[in-house]
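Chemist: For reference, the file work14.cif (mmCIF, C-alpha atoms) is included below:
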```cif
data_start
loop_
_atom_site.label_atom_id
_atom_site.label_comp_id
_atom_site.auth_asym_id
_atom_site.auth_seq_id
_atom_site.Cartn_x
_atom_site.Cartn_y
_atom_site.Cartn_z
CA MET A 461 105.56 -68.80 214.05
CA ALA A 462 108.00 -66.74 216.12
CA HIS A 463 109.32 -65.25 212.90
CA GLU A 464 105.78 -64.14 211.94
CA ARG A 465 105.24 -62.60 215.36
CA LYS A 466 108.45 -60.54 215.01
CA ARG A 467 107.33 -59.37 211.59
CA GLN A 468 103.92 -58.33 212.98
CA ASN A 469 105.65 -56.45 215.80
CA LYS A 470 107.78 -54.57 213.29
CA VAL A 471 104.74 -53.54 211.28
CA SER A 472 102.84 -52.42 214.34
CA SER A 473 105.83 -50.48 215.71
CA SER A 474 106.30 -48.70 212.36
CA ALA A 475 102.59 -47.89 212.33
CA GLN A 476 102.97 -46.49 215.85
CA LYS A 477 105.93 -44.39 214.71
CA SER A 478 103.90 -42.89 211.88
CA LYS A 479 101.15 -41.99 214.35
CA SER A 480 103.64 -40.30 216.67
CA THR A 481 104.97 -38.07 213.87
CA ASN A 482 101.59 -36.41 213.30
CA ILE A 483 101.83 -32.73 214.07
CA VAL A 484 99.29 -31.40 216.52
CA LEU A 485 98.56 -27.72 215.97
CA PRO A 486 98.15 -25.52 219.03
CA HIS A 487 94.93 -25.81 220.99
CA PRO A 488 93.12 -22.47 220.97
CA GLY A 489 92.74 -22.46 224.75
CA ARG A 490 96.47 -22.90 225.35
CA PRO A 491 98.46 -20.31 223.39
CA ASN A 492 101.76 -21.12 225.07
CA ASN A 493 101.94 -24.79 224.13
CA LEU A 494 104.40 -24.08 221.31
CA SER A 495 108.08 -23.88 222.02
CA THR A 496 109.88 -20.73 220.93
CA ARG A 497 111.30 -22.60 217.96
CA SER A 498 107.89 -23.96 216.89
CA PHE A 499 106.26 -20.58 217.36
CA SER A 500 108.92 -19.00 215.17
CA ALA A 501 108.41 -21.66 212.49
CA SER A 502 104.63 -21.20 212.63
CA ASP A 503 105.06 -17.44 212.33
CA ARG A 504 107.34 -17.79 209.28
CA ALA A 505 104.86 -20.26 207.72
CA LEU A 506 102.01 -17.76 208.14
CA HIS A 507 104.17 -15.02 206.61
CA ALA A 508 105.03 -17.30 203.69
CA LEU A 509 101.32 -18.04 203.18
CA ALA A 510 100.54 -14.30 203.11
CA TYR A 511 103.44 -13.83 200.67
CA MET A 512 101.98 -16.49 198.37
CA ARG A 513 98.62 -14.70 198.42
CA ARG A 514 100.04 -11.22 197.92
CA TYR A 515 102.46 -11.98 195.08
CA GLY A 516 101.05 -15.19 193.58
CA VAL A 517 104.35 -17.03 193.92
CA SER A 518 104.93 -20.76 194.31
CA LEU A 519 105.29 -22.55 197.63
CA SER A 520 109.03 -23.05 197.17
CA HIS A 521 109.57 -19.39 196.22
CA ALA A 522 107.61 -18.19 199.28
CA ALA A 523 109.50 -20.64 201.49
CA ARG A 524 112.89 -19.45 200.24
CA ASP A 525 112.03 -15.76 200.62
CA ASN A 526 110.67 -16.25 204.17
CA GLY A 527 113.40 -18.48 205.56
CA VAL A 528 111.31 -21.60 206.02
CA SER A 529 111.13 -24.96 204.29
CA PRO A 530 108.15 -25.99 202.14
CA ARG A 531 107.69 -28.92 204.50
CA THR A 532 107.32 -26.57 207.49
CA ILE A 533 104.81 -24.44 205.62
CA LYS A 534 102.77 -27.54 204.87
CA ARG A 535 103.00 -28.61 208.50
CA TYR A 536 101.53 -25.41 209.90
CA VAL A 537 99.20 -24.13 207.15
CA ARG A 538 98.23 -27.22 205.15
CA ALA A 539 94.53 -26.32 205.32
CA ALA A 540 95.23 -23.09 203.43
CA LEU A 541 97.02 -24.76 200.52
CA LEU A 542 95.50 -26.19 197.34
CA GLN A 543 96.82 -28.58 194.71
CA ASP A 544 94.54 -29.76 191.91
CA ARG A 545 96.51 -32.88 191.02
CA PRO A 546 99.72 -34.48 192.31
CA GLY A 547 102.74 -32.85 190.73
CA GLU A 548 100.95 -29.58 189.99
CA ARG A 549 101.78 -26.26 191.59
CA ILE A 550 100.67 -25.76 195.19
CA ARG A 551 98.86 -22.47 195.68
CA ALA A 552 97.28 -20.61 198.58
CA THR A 553 93.54 -20.40 199.14
CA LYS A 554 92.00 -16.93 199.02
CA SER A 555 91.37 -17.01 202.76
CA ASP A 556 91.65 -19.44 205.66
CA ARG A 557 90.32 -20.16 209.15
CA LEU A 558 93.70 -20.73 210.80
CA LEU A 559 94.13 -19.54 214.38
CA ARG A 560 96.49 -16.63 214.91
CA TYR A 561 97.57 -14.87 218.09
CA LEU A 562 97.73 -11.16 217.30
CA GLN A 563 98.22 -7.96 219.25
CA ILE A 564 95.57 -5.26 219.29
CA PRO A 565 95.86 -1.81 220.87
CA THR A 566 93.57 -1.19 223.86
CA PRO A 567 93.36 1.78 226.26
CA ASP A 568 95.44 -0.30 228.71
CA GLY A 569 98.15 -1.08 226.15
CA PRO A 570 98.55 -3.90 223.65
CA LYS A 571 96.46 -7.02 224.26
CA GLU A 572 96.91 -10.44 222.73
CA ILE A 573 93.82 -11.83 221.04
CA LYS A 574 92.98 -15.03 219.20
CA VAL A 575 91.92 -14.35 215.65
CA LYS A 576 90.44 -17.16 213.60
CA GLY A 577 90.89 -16.48 209.94
CA SER A 578 92.91 -14.45 207.50
CA LYS A 579 90.08 -11.99 206.90
CA ASP A 580 90.05 -10.81 210.53
CA ALA A 581 93.85 -10.67 210.55
CA THR A 582 93.78 -8.54 207.41
CA GLU A 583 91.14 -6.27 208.96
CA LEU A 584 93.36 -5.80 212.04
CA ALA A 585 96.34 -4.97 209.81
CA ARG A 586 94.22 -2.38 207.96
CA TYR A 587 93.19 -0.88 211.32
CA LEU A 588 96.80 -0.61 212.47
CA SER A 589 97.69 1.05 209.18
CA ALA A 590 94.83 3.51 209.69
CA ILE A 591 96.22 4.34 213.16
CA LYS A 592 99.58 5.13 211.57
CA ASP A 593 97.87 7.35 209.01
CA PHE A 594 95.91 9.11 211.78
CA LEU A 595 99.07 9.76 213.80
CA ARG A 596 100.65 11.27 210.68
CA GLY A 597 97.77 13.76 210.42
CA ASP A 598 94.97 12.07 208.41
CA ARG A 599 91.87 12.81 210.55
CA THR A 600 89.60 10.62 208.38
CA ALA A 601 91.72 7.46 208.49
CA LEU A 602 89.76 5.81 211.33
CA ALA A 603 86.23 6.64 210.13
CA GLU A 604 85.50 3.18 208.70
CA PHE A 605 86.48 1.46 211.98
CA ARG A 606 84.09 3.32 214.31
CA GLY A 607 82.03 0.83 216.32
CA LYS A 608 83.78 -2.24 214.84
CA LYS A 609 85.13 -5.16 216.83
CA ILE A 610 87.69 -7.84 216.11
CA SER A 611 87.43 -11.01 218.21
CA GLY A 612 85.18 -9.21 220.66
CA VAL A 613 87.56 -6.28 221.23
CA GLU A 614 86.24 -2.88 220.18
CA LEU A 615 88.66 -0.92 218.04
CA ILE A 616 89.83 2.39 219.48
CA THR A 617 88.80 5.29 217.30
CA ASP A 618 88.74 8.05 219.93
CA GLU A 619 91.38 10.59 218.88
CA GLN A 620 92.28 11.63 222.44
CA ILE A 621 92.92 8.04 223.56
CA LEU A 622 95.03 7.28 220.48
CA ILE A 623 97.13 10.42 220.94
CA ALA A 624 97.62 9.65 224.66
CA LEU A 625 98.71 6.08 223.86
CA ALA A 626 101.10 7.33 221.19
CA GLU A 627 102.65 9.82 223.63
CA LYS A 628 103.14 7.02 226.19
CA GLU A 629 104.62 4.87 223.41
CA GLU A 630 102.07 2.15 224.21
CA PHE A 631 101.62 1.26 220.56
CA HIS A 632 103.34 -1.69 219.00
CA ILE A 633 101.61 -1.23 215.68
CA ASP A 634 104.61 -2.40 213.69
CA SER A 635 104.19 -5.85 215.23
CA LEU A 636 100.91 -7.53 214.39
CA TYR A 637 101.85 -10.95 215.77
CA ARG A 638 102.53 -11.65 219.40
CA SER A 639 106.09 -11.62 220.66
CA LEU A 640 108.21 -14.74 221.03
CA SER A 641 107.93 -14.45 224.81
CA GLY A 642 104.22 -15.17 224.42
CA GLY A 643 102.85 -11.86 225.65
CA ALA A 644 102.55 -8.34 224.49
CA ALA A 645 105.91 -6.92 223.57
#
```
Output the file's structure in the form of structure tokens.
Modeler:
Amino acid sequence: MAHERKRQNKVSSSAQKSKSTNIVLPHPGRPNNLSTRSFSASDRALHALAYMRRYGVSLSHAARDNGVSPRTIKRYVRAALLQDRPGERIRATKSDRLLRYLQIPTPDGPKEIKVKGSKDATELARYLSAIKDFLRGDRTALAEFRGKKISGVELITDEQILIALAEKEEFHIDSLYRSLSGGAA
């Protein structure tokens, strides 16, 4: 009887251990609940996911090229991965609804916003690319973004404001994702 009780305790403690190893993704209302190391791993996993979409490579290839393990990619972006049958190649979905913390230019400088989904993140990246093109002399680059918003923030298309921000060096358009310190870098 005592032997059976010990055995039951072992099973229940191993079940408890498996519950404690579940990864809890960041809560949207608390962007700073990831440690620097976890944030960095999450960032690399998102980059690997984008790499899989862009080049059509396998999970292991994307992991190797982005300095992250396949296990870490699965941990942070599992919802954006597909596998038809066990043992078959894991591929990325066309889009996802994962939460990302990105930086967007505002008249007051870069602002961190929560973006839910790869489509909005891609739209923000296209906008930042259009700003670069505008600053290089293409006056029509921002035409398609007039009046548009991403996560409730209106995109700046006023030429005077963009030029003033560029002169103040307020743009961080080479960095789409937030900085490791958790704020605008």
Chemist: Residues near Val613 in chain A, anyone? I mean within 9 Å using only C-alpha atoms, not counting same-chain ones fewer than 6 positions away, as a list in words.
Modeler: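 Residues meeting the cut-off are Ile564, Thr566 and Ile573 of chain A.
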Chemist: Selection in question (the file shown): the PyMOL selection byres ((chain A and resi 575-578) around 8). Which residues does it include, as a PyMOL selection string?
Modeler: chain A and resi 555-562+573-574+579-582+610-611
Chemist: I'd like to see the residues matched by the PyMOL selection byres ((chain A and resi 614) around 12) on this file, and ideally I'd get them as a ChimeraX atom specification.
Modeler: /A:564-567,571,573,584,587,605-613,615-618
Chemist: Tell me, in Å to one decimal, how far CA of Ala552 in chain A is from CA of Ala505 in chain A.
Modeler: 11.9 Å
Chemist: Can you list what the PyMOL selection byres ((chain A and resi 539) around 9) grabs from this structure, as a list in words?
Modeler: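 Taken over the shown coordinates, the PyMOL selection byres ((chain A and resi 539) around 9) returns Lys534, Tyr536, Val537, Arg538, Ala540, Leu541, Leu542, Thr553, Asp556, Arg557 and Leu558 of chain A.
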Chemist: So how many Å separate CA of Arg513 in chain A and CA of Glu548 in chain A, to one decimal?
Modeler: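 Interatomic distance, CA of Arg513 in chain A to CA of Glu548 in chain A: 17.3 Å.
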